[in-house]
$ cat run16.pdb   # PDB, C-alpha atoms, pLDDT in the B column
ATOM      1  CA  MET A 559     -26.290  -5.519 -21.657  1.00 82.00           C
ATOM      2  CA  ILE A 560     -24.566  -8.238 -19.684  1.00 85.00           C
ATOM      3  CA  THR A 561     -22.156  -8.817 -22.581  1.00 88.00           C
ATOM      4  CA  VAL A 562     -21.052  -5.178 -22.556  1.00 90.00           C
ATOM      5  CA  ALA A 563     -20.505  -5.280 -18.799  1.00 90.00           C
ATOM      6  CA  LEU A 564     -18.571  -8.532 -19.143  1.00 91.00           C
ATOM      7  CA  ASN A 565     -16.298  -7.092 -21.828  1.00 93.00           C
ATOM      8  CA  VAL A 566     -15.609  -4.019 -19.707  1.00 92.00           C
ATOM      9  CA  GLY A 567     -14.960  -6.357 -16.789  1.00 92.00           C
ATOM     10  CA  PHE A 568     -12.433  -8.425 -18.746  1.00 93.00           C
ATOM     11  CA  ALA A 569     -10.532  -5.293 -19.775  1.00 94.00           C
ATOM     12  CA  VAL A 570     -10.489  -3.823 -16.271  1.00 93.00           C
ATOM     13  CA  MET A 571      -9.457  -7.097 -14.659  1.00 92.00           C
ATOM     14  CA  CYS A 572      -6.558  -7.458 -17.102  1.00 93.00           C
ATOM     15  CA  LEU A 573      -5.511  -3.912 -16.157  1.00 93.00           C
ATOM     16  CA  CYS A 574      -5.715  -4.918 -12.474  1.00 92.00           C
ATOM     17  CA  LEU A 575      -3.452  -7.907 -13.118  1.00 93.00           C
ATOM     18  CA  ILE A 576      -0.935  -5.661 -14.884  1.00 94.00           C
ATOM     19  CA  LEU A 577      -0.957  -3.280 -11.889  1.00 92.00           C
ATOM     20  CA  ASN A 578      -0.376  -6.213  -9.544  1.00 92.00           C
ATOM     21  CA  LEU A 579       2.487  -7.379 -11.752  1.00 93.00           C
ATOM     22  CA  ILE A 580       4.066  -3.915 -11.475  1.00 92.00           C
ATOM     23  CA  ARG A 581       3.974  -4.174  -7.691  1.00 90.00           C
ATOM     24  CA  LEU A 582       5.247  -7.763  -7.843  1.00 91.00           C
ATOM     25  CA  LEU A 583       8.259  -6.746  -9.922  1.00 93.00           C
ATOM     26  CA  LYS A 584       8.916  -3.420  -8.182  1.00 88.00           C
ATOM     27  CA  GLY A 585       8.038  -4.244  -4.578  1.00 77.00           C
ATOM     28  CA  PRO A 586      10.913  -3.144  -2.373  1.00 84.00           C
ATOM     29  CA  SER A 587      10.496  -5.894   0.188  1.00 87.00           C
ATOM     30  CA  THR A 588       9.482  -9.544   0.274  1.00 88.00           C
ATOM     31  CA  PRO A 589       6.111  -9.019   2.067  1.00 89.00           C
ATOM     32  CA  ASP A 590       5.201  -6.558  -0.702  1.00 91.00           C
ATOM     33  CA  ARG A 591       5.718  -9.267  -3.285  1.00 91.00           C
ATOM     34  CA  ILE A 592       3.711 -11.785  -1.270  1.00 91.00           C
ATOM     35  CA  LEU A 593       0.913  -9.227  -0.981  1.00 91.00           C
ATOM     36  CA  ALA A 594       1.015  -8.658  -4.737  1.00 92.00           C
ATOM     37  CA  LEU A 595       0.716 -12.428  -5.321  1.00 91.00           C
ATOM     38  CA  ASP A 596      -2.213 -12.595  -2.886  1.00 91.00           C
ATOM     39  CA  THR A 597      -4.037  -9.799  -4.716  1.00 91.00           C
ATOM     40  CA  MET A 598      -3.179 -11.437  -8.022  1.00 92.00           C
ATOM     41  CA  TYR A 599      -4.885 -14.713  -7.190  1.00 90.00           C
ATOM     42  CA  ILE A 600      -7.986 -12.914  -5.909  1.00 91.00           C
ATOM     43  CA  ASN A 601      -8.149 -10.981  -9.197  1.00 92.00           C
ATOM     44  CA  THR A 602      -7.673 -14.241 -11.079  1.00 92.00           C
ATOM     45  CA  ILE A 603     -10.713 -15.661  -9.269  1.00 91.00           C
ATOM     46  CA  ALA A 604     -12.693 -12.635 -10.451  1.00 91.00           C
ATOM     47  CA  LEU A 605     -11.505 -13.162 -14.037  1.00 92.00           C
ATOM     48  CA  ILE A 606     -12.429 -16.861 -13.969  1.00 91.00           C
ATOM     49  CA  LEU A 607     -15.885 -16.037 -12.591  1.00 89.00           C
ATOM     50  CA  LEU A 608     -16.480 -13.514 -15.364  1.00 91.00           C
ATOM     51  CA  PHE A 609     -15.323 -16.115 -17.887  1.00 91.00           C
ATOM     52  CA  GLY A 610     -17.754 -18.680 -16.442  1.00 90.00           C
ATOM     53  CA  VAL A 611     -20.653 -16.232 -16.739  1.00 89.00           C
ATOM     54  CA  ARG A 612     -19.601 -15.449 -20.308  1.00 90.00           C
ATOM     55  CA  LEU A 613     -19.454 -19.103 -21.398  1.00 90.00           C
ATOM     56  CA  GLU A 614     -22.487 -20.099 -19.247  1.00 86.00           C
ATOM     57  CA  ARG A 615     -20.544 -22.990 -17.753  1.00 84.00           C
ATOM     58  CA  GLU A 616     -20.552 -23.813 -14.072  1.00 82.00           C
ATOM     59  CA  ILE A 617     -17.379 -25.910 -14.093  1.00 86.00           C
ATOM     60  CA  PHE A 618     -15.366 -22.730 -13.562  1.00 87.00           C
ATOM     61  CA  PHE A 619     -16.612 -22.391  -9.993  1.00 86.00           C
ATOM     62  CA  GLU A 620     -14.697 -25.465  -8.919  1.00 87.00           C
ATOM     63  CA  ALA A 621     -11.563 -23.976 -10.493  1.00 89.00           C
ATOM     64  CA  ALA A 622     -12.169 -20.683  -8.667  1.00 88.00           C
ATOM     65  CA  LEU A 623     -12.654 -22.501  -5.352  1.00 89.00           C
ATOM     66  CA  LEU A 624      -9.439 -24.474  -5.887  1.00 91.00           C
ATOM     67  CA  ILE A 625      -7.492 -21.301  -6.691  1.00 91.00           C
ATOM     68  CA  ALA A 626      -8.900 -19.636  -3.552  1.00 90.00           C
ATOM     69  CA  MET A 627      -7.788 -22.521  -1.333  1.00 91.00           C
ATOM     70  CA  MET A 628      -4.358 -22.955  -2.906  1.00 92.00           C
ATOM     71  CA  GLY A 629      -3.690 -19.214  -2.887  1.00 91.00           C
ATOM     72  CA  PHE A 630      -4.592 -18.933   0.786  1.00 91.00           C
ATOM     73  CA  ILE A 631      -2.363 -21.865   1.681  1.00 92.00           C
ATOM     74  CA  GLY A 632       0.474 -20.378  -0.369  1.00 91.00           C
ATOM     75  CA  THR A 633       0.153 -16.957   1.269  1.00 91.00           C
ATOM     76  CA  VAL A 634       0.110 -18.461   4.766  1.00 90.00           C
ATOM     77  CA  ALA A 635       3.091 -20.680   3.964  1.00 91.00           C
ATOM     78  CA  LEU A 636       5.165 -17.787   2.592  1.00 90.00           C
ATOM     79  CA  ALA A 637       4.289 -15.514   5.540  1.00 89.00           C
ATOM     80  CA  ASN A 638       5.168 -18.314   7.965  1.00 89.00           C
ATOM     81  CA  TYR A 639       8.459 -18.778   6.193  1.00 90.00           C
ATOM     82  CA  LEU A 640       9.274 -15.105   6.673  1.00 88.00           C
ATOM     83  CA  LEU A 641       8.186 -15.192  10.311  1.00 87.00           C
ATOM     84  CA  HIS A 642       9.791 -18.382  11.540  1.00 84.00           C
ATOM     85  CA  GLY A 643      12.198 -19.415   8.806  1.00 80.00           C
ATOM     86  CA  ASP A 644      10.183 -22.596   8.586  1.00 75.00           C
ATOM     87  CA  ILE A 645       6.868 -23.445   6.949  1.00 72.00           C
ATOM     88  CA  ILE A 646       5.608 -26.051   9.396  1.00 69.00           C
ATOM     89  CA  ASP A 647       6.399 -25.399  13.027  1.00 63.00           C
TER      90      ASP A 647
ATOM     91  CA  MET B 424     -38.690  -8.310 -15.834  1.00 64.00           C
ATOM     92  CA  ILE B 425     -35.832 -10.104 -17.565  1.00 70.00           C
ATOM     93  CA  SER B 426     -34.324  -6.814 -18.728  1.00 85.00           C
ATOM     94  CA  LEU B 427     -34.486  -5.430 -15.179  1.00 88.00           C
ATOM     95  CA  ILE B 428     -32.566  -8.455 -13.908  1.00 88.00           C
ATOM     96  CA  GLU B 429     -30.056  -7.963 -16.721  1.00 89.00           C
ATOM     97  CA  TYR B 430     -29.509  -4.381 -15.621  1.00 91.00           C
ATOM     98  CA  VAL B 431     -29.035  -5.510 -12.025  1.00 91.00           C
ATOM     99  CA  ILE B 432     -26.479  -8.163 -13.044  1.00 91.00           C
ATOM    100  CA  ALA B 433     -24.583  -5.710 -15.258  1.00 92.00           C
ATOM    101  CA  ALA B 434     -24.533  -3.101 -12.472  1.00 93.00           C
ATOM    102  CA  LEU B 435     -23.247  -5.657  -9.950  1.00 93.00           C
ATOM    103  CA  ILE B 436     -20.494  -6.759 -12.353  1.00 93.00           C
ATOM    104  CA  LEU B 437     -19.413  -3.150 -12.941  1.00 93.00           C
ATOM    105  CA  ILE B 438     -19.452  -2.362  -9.209  1.00 94.00           C
ATOM    106  CA  GLY B 439     -17.372  -5.426  -8.377  1.00 93.00           C
ATOM    107  CA  VAL B 440     -14.868  -4.783 -11.135  1.00 93.00           C
ATOM    108  CA  SER B 441     -14.462  -1.157 -10.075  1.00 94.00           C
ATOM    109  CA  PHE B 442     -13.791  -2.223  -6.480  1.00 93.00           C
ATOM    110  CA  CYS B 443     -11.149  -4.672  -7.704  1.00 92.00           C
ATOM    111  CA  PHE B 444      -9.603  -1.903  -9.783  1.00 93.00           C
ATOM    112  CA  VAL B 445      -9.494   0.481  -6.814  1.00 92.00           C
ATOM    113  CA  GLY B 446      -7.772  -2.226  -4.782  1.00 91.00           C
ATOM    114  CA  SER B 447      -5.146  -2.898  -7.436  1.00 91.00           C
ATOM    115  CA  LEU B 448      -4.552   0.822  -7.977  1.00 91.00           C
ATOM    116  CA  GLY B 449      -4.053   1.290  -4.248  1.00 90.00           C
ATOM    117  CA  LEU B 450      -1.558  -1.558  -4.242  1.00 89.00           C
ATOM    118  CA  VAL B 451       0.569   0.391  -6.706  1.00 90.00           C
ATOM    119  CA  LYS B 452       0.015   3.961  -5.523  1.00 89.00           C
ATOM    120  CA  LEU B 453       0.159   3.845  -1.720  1.00 87.00           C
ATOM    121  CA  PRO B 454       3.538   4.783  -0.219  1.00 87.00           C
ATOM    122  CA  ASP B 455       3.851   2.353   2.679  1.00 86.00           C
ATOM    123  CA  PHE B 456       3.648  -1.413   3.191  1.00 87.00           C
ATOM    124  CA  TYR B 457       1.300  -1.066   6.163  1.00 87.00           C
ATOM    125  CA  MET B 458      -1.097   0.993   4.024  1.00 87.00           C
ATOM    126  CA  ARG B 459      -0.726  -1.356   1.092  1.00 88.00           C
ATOM    127  CA  VAL B 460      -1.855  -4.358   3.145  1.00 89.00           C
ATOM    128  CA  HIS B 461      -5.283  -2.804   3.719  1.00 87.00           C
ATOM    129  CA  VAL B 462      -6.371  -1.956   0.209  1.00 85.00           C
ATOM    130  CA  PRO B 463      -6.275  -5.349  -1.570  1.00 82.00           C
ATOM    131  CA  THR B 464      -7.624  -7.304   1.358  1.00 86.00           C
ATOM    132  CA  LYS B 465     -10.610  -5.005   1.855  1.00 88.00           C
ATOM    133  CA  ALA B 466     -11.536  -3.513  -1.501  1.00 90.00           C
ATOM    134  CA  THR B 467     -10.712  -6.545  -3.613  1.00 90.00           C
ATOM    135  CA  THR B 468     -12.610  -8.918  -1.336  1.00 89.00           C
ATOM    136  CA  LEU B 469     -15.641  -6.635  -1.507  1.00 91.00           C
ATOM    137  CA  GLY B 470     -15.392  -6.602  -5.305  1.00 91.00           C
ATOM    138  CA  ILE B 471     -15.253 -10.401  -5.423  1.00 91.00           C
ATOM    139  CA  GLY B 472     -18.374 -10.522  -3.241  1.00 91.00           C
ATOM    140  CA  SER B 473     -20.266  -8.295  -5.652  1.00 92.00           C
ATOM    141  CA  LEU B 474     -19.139 -10.354  -8.672  1.00 91.00           C
ATOM    142  CA  LEU B 475     -20.214 -13.581  -6.971  1.00 90.00           C
ATOM    143  CA  ILE B 476     -23.655 -12.151  -6.170  1.00 91.00           C
ATOM    144  CA  ALA B 477     -23.962 -11.238  -9.863  1.00 90.00           C
ATOM    145  CA  SER B 478     -23.022 -14.733 -11.019  1.00 90.00           C
ATOM    146  CA  THR B 479     -25.327 -16.337  -8.437  1.00 90.00           C
ATOM    147  CA  ILE B 480     -28.286 -14.329  -9.797  1.00 90.00           C
ATOM    148  CA  TYR B 481     -27.252 -15.124 -13.377  1.00 89.00           C
ATOM    149  CA  PHE B 482     -27.039 -18.885 -12.904  1.00 88.00           C
ATOM    150  CA  SER B 483     -30.209 -18.939 -10.804  1.00 89.00           C
ATOM    151  CA  ILE B 484     -32.092 -17.279 -13.653  1.00 87.00           C
ATOM    152  CA  LEU B 485     -30.385 -19.491 -16.244  1.00 85.00           C
ATOM    153  CA  ARG B 486     -31.218 -22.774 -14.556  1.00 83.00           C
ATOM    154  CA  GLY B 487     -34.505 -21.760 -12.961  1.00 83.00           C
ATOM    155  CA  ALA B 488     -33.327 -23.089  -9.614  1.00 81.00           C
ATOM    156  CA  PRO B 489     -31.375 -21.293  -6.886  1.00 82.00           C
ATOM    157  CA  ALA B 490     -27.618 -21.718  -7.361  1.00 79.00           C
ATOM    158  CA  VAL B 491     -26.117 -21.548  -3.901  1.00 79.00           C
ATOM    159  CA  HIS B 492     -22.753 -23.232  -4.242  1.00 81.00           C
ATOM    160  CA  GLU B 493     -21.124 -19.980  -5.397  1.00 81.00           C
ATOM    161  CA  ILE B 494     -21.696 -18.725  -1.866  1.00 85.00           C
ATOM    162  CA  LEU B 495     -18.955 -21.156  -0.792  1.00 86.00           C
ATOM    163  CA  ILE B 496     -16.304 -19.052  -2.496  1.00 86.00           C
ATOM    164  CA  VAL B 497     -17.621 -15.877  -0.827  1.00 87.00           C
ATOM    165  CA  VAL B 498     -17.620 -17.481   2.610  1.00 89.00           C
ATOM    166  CA  PHE B 499     -14.146 -18.914   2.082  1.00 89.00           C
ATOM    167  CA  LEU B 500     -12.666 -15.635   0.830  1.00 88.00           C
ATOM    168  CA  PHE B 501     -14.320 -13.554   3.555  1.00 89.00           C
ATOM    169  CA  MET B 502     -12.892 -15.920   6.163  1.00 91.00           C
ATOM    170  CA  THR B 503      -9.384 -16.174   4.748  1.00 91.00           C
ATOM    171  CA  ALA B 504      -8.700 -12.566   3.688  1.00 90.00           C
ATOM    172  CA  PRO B 505      -8.319 -11.196   7.269  1.00 91.00           C
ATOM    173  CA  ILE B 506      -6.170 -14.173   8.247  1.00 92.00           C
ATOM    174  CA  SER B 507      -3.752 -13.692   5.364  1.00 91.00           C
ATOM    175  CA  ALA B 508      -3.656  -9.917   5.951  1.00 91.00           C
ATOM    176  CA  HIS B 509      -2.825 -10.533   9.607  1.00 91.00           C
ATOM    177  CA  MET B 510      -0.051 -12.973   8.708  1.00 90.00           C
ATOM    178  CA  LEU B 511       1.424 -10.557   6.155  1.00 90.00           C
ATOM    179  CA  MET B 512       1.312  -7.688   8.651  1.00 89.00           C
ATOM    180  CA  LYS B 513       3.105  -9.802  11.231  1.00 89.00           C
ATOM    181  CA  ALA B 514       5.712 -10.743   8.629  1.00 88.00           C
ATOM    182  CA  GLY B 515       6.188  -7.070   7.739  1.00 87.00           C
ATOM    183  CA  LEU B 516       6.654  -6.123  11.399  1.00 86.00           C
ATOM    184  CA  HIS B 517       9.093  -8.979  11.808  1.00 85.00           C
ATOM    185  CA  GLU B 518      11.091  -7.800   8.804  1.00 81.00           C
ATOM    186  CA  GLY B 519      11.164  -4.289  10.312  1.00 79.00           C
ATOM    187  CA  LEU B 520       9.793  -2.489   7.282  1.00 77.00           C
ATOM    188  CA  PRO B 521       9.756   1.313   7.626  1.00 78.00           C
ATOM    189  CA  ASP B 522       6.449   3.195   7.565  1.00 75.00           C
ATOM    190  CA  VAL B 523       5.843   6.382   5.599  1.00 74.00           C
ATOM    191  CA  ASP B 524       7.708   8.568   8.079  1.00 74.00           C
ATOM    192  CA  GLY B 525      10.728   6.325   7.833  1.00 70.00           C
ATOM    193  CA  GLU B 526      10.299   4.951  11.319  1.00 69.00           C
ATOM    194  CA  VAL B 527      11.238   1.334  11.790  1.00 70.00           C
ATOM    195  CA  GLU B 528       9.575  -0.727  14.467  1.00 62.00           C
ATOM    196  CA  LYS B 529      11.259  -4.056  14.878  1.00 56.00           C
ATOM    197  CA  ARG B 530       9.367  -6.683  16.751  1.00 52.00           C
ATOM    198  CA  ARG B 531       9.869 -10.296  17.389  1.00 48.00           C
ATOM    199  CA  GLY B 532       7.256 -12.359  15.600  1.00 45.00           C
TER     200      GLY B 532
END

$ encode --input "run16.pdb" --output "structure tokens"
Amino acid sequence: MITVALNVGFAVMCLCLILNLIRLLKGPSTPDRILALDTMYINTIALILLFGVRLEREIFFEAALLIAMMGFIGTVALANYLLHGDIID
Amino acid sequence: MISLIEYVIAALILIGVSFCFVGSLGLVKLPDFYMRVHVPTKATTLGIGSLLIASTIYFSILRGAPAVHEILIVVFLFMTAPISAHMLMKAGLHEGLPDVDGEVEKRRG
């Protein structure tokens, strides 16, 4: 039962990443692309969590936490660059 | 009892994945940047929360002890998603992106 749900989850999350990639490539403005990257790392966290449940390993949670932190810092840095023309002000 | 918990975990995984899918679909389909900011930061974060509840239950059952350190990711994401959405919205206003009616509101960030 869980295996079926996990397989469906893998497929749907890959579809989500493809949709985010469409917005990342198409996005008419720079904030659109940053938003697509932000959504992409959140979906990657979901994919890694599903993978950890599938393999019954807990080491993937540390990877997910690291991706969450680095993605947040990256989003804030890019938005700050657009706002002020400088990352650290 | 075990099969009931399996059904609950499978349902939580499917709910979370469908929320993530709705968020990603909205990112592609919505016509305006100011609409597009909302969908990933709300729907996708909710989907991640549901997936993390599912994995918390799964590892608690697997180990026989409560697994609480997955809650860290939920707390971190629920704190940082509004902040990043706010920063992106400010950046969009600063860039002077048009909304769906074609109106441009330029503000100084």

$ resolve_selection --input "run16.pdb" --expression "the PyMOL selection byres ((chain A) within 7 of (chain B))" --output "ChimeraX atom specification"
/A:559-560,563,567,570-571,574,577-578,581,589-590,593,597,604,611,619,623,630,633-634,637,640-641

$ write_last_selection --input "run16.pdb" --atoms "C-alpha atoms" --output "CSV table (one decimal), keeping the file's coordinate frame"
chain,number,residue,atom,x,y,z
A,559,MET,CA,-26.3,-5.5,-21.7
A,560,ILE,CA,-24.6,-8.2,-19.7
A,563,ALA,CA,-20.5,-5.3,-18.8
A,567,GLY,CA,-15.0,-6.4,-16.8
A,570,VAL,CA,-10.5,-3.8,-16.3
A,571,MET,CA,-9.5,-7.1,-14.7
A,574,CYS,CA,-5.7,-4.9,-12.5
A,577,LEU,CA,-1.0,-3.3,-11.9
A,578,ASN,CA,-0.4,-6.2,-9.5
A,581,ARG,CA,4.0,-4.2,-7.7
A,589,PRO,CA,6.1,-9.0,2.1
A,590,ASP,CA,5.2,-6.6,-0.7
A,593,LEU,CA,0.9,-9.2,-1.0
A,597,THR,CA,-4.0,-9.8,-4.7
A,604,ALA,CA,-12.7,-12.6,-10.5
A,611,VAL,CA,-20.7,-16.2,-16.7
A,619,PHE,CA,-16.6,-22.4,-10.0
A,623,LEU,CA,-12.7,-22.5,-5.4
A,630,PHE,CA,-4.6,-18.9,0.8
A,633,THR,CA,0.2,-17.0,1.3
A,634,VAL,CA,0.1,-18.5,4.8
A,637,ALA,CA,4.3,-15.5,5.5
A,640,LEU,CA,9.3,-15.1,6.7
A,641,LEU,CA,8.2,-15.2,10.3

$ atom_distance --input "run16.pdb" --atom1 "atom CA of A:Leu608" --atom2 "atom CA of B:Val491"
17.0 Å

$ axis_aligned_box --input "run16.pdb" --around "stretch 595-611 of chain A" --padding-each-side "6 Å" --output "lines of an AutoDock Vina configuration file"
center_x = -10.0
center_y = -14.2
center_z = -10.4
size_x = 33.4
size_y = 20.9
size_z = 27.0

$ closest_residue --input "run16.pdb" --among "A:Ile625, A:Ser587, A:Tyr639, A:Ala569" --to "A:Ile600" --atoms "all atoms listed in the file"
A:Ile625

$ atom_distance --input "run16.pdb" --atom1 "atom CA of B:Ala466" --atom2 "atom CA of B:Ile484"
27.6 Å

$ atom_distance --input "run16.pdb" --atom1 "atom CA of A:Leu624" --atom2 "atom CA of A:Val562"
28.0 Å

$ closest_residue --input "run16.pdb" --among "A:Tyr599, A:Ile606, A:Ala594, A:Leu613" --to "A:Ile580" --atoms "only C-alpha atoms"
A:Ala594

$ resolve_selection --input "run16.pdb" --expression "the PyMOL selection byres ((chain B and resi 522) around 10)" --output "PyMOL selection string"
chain B and resi 454-458+519-521+523-528
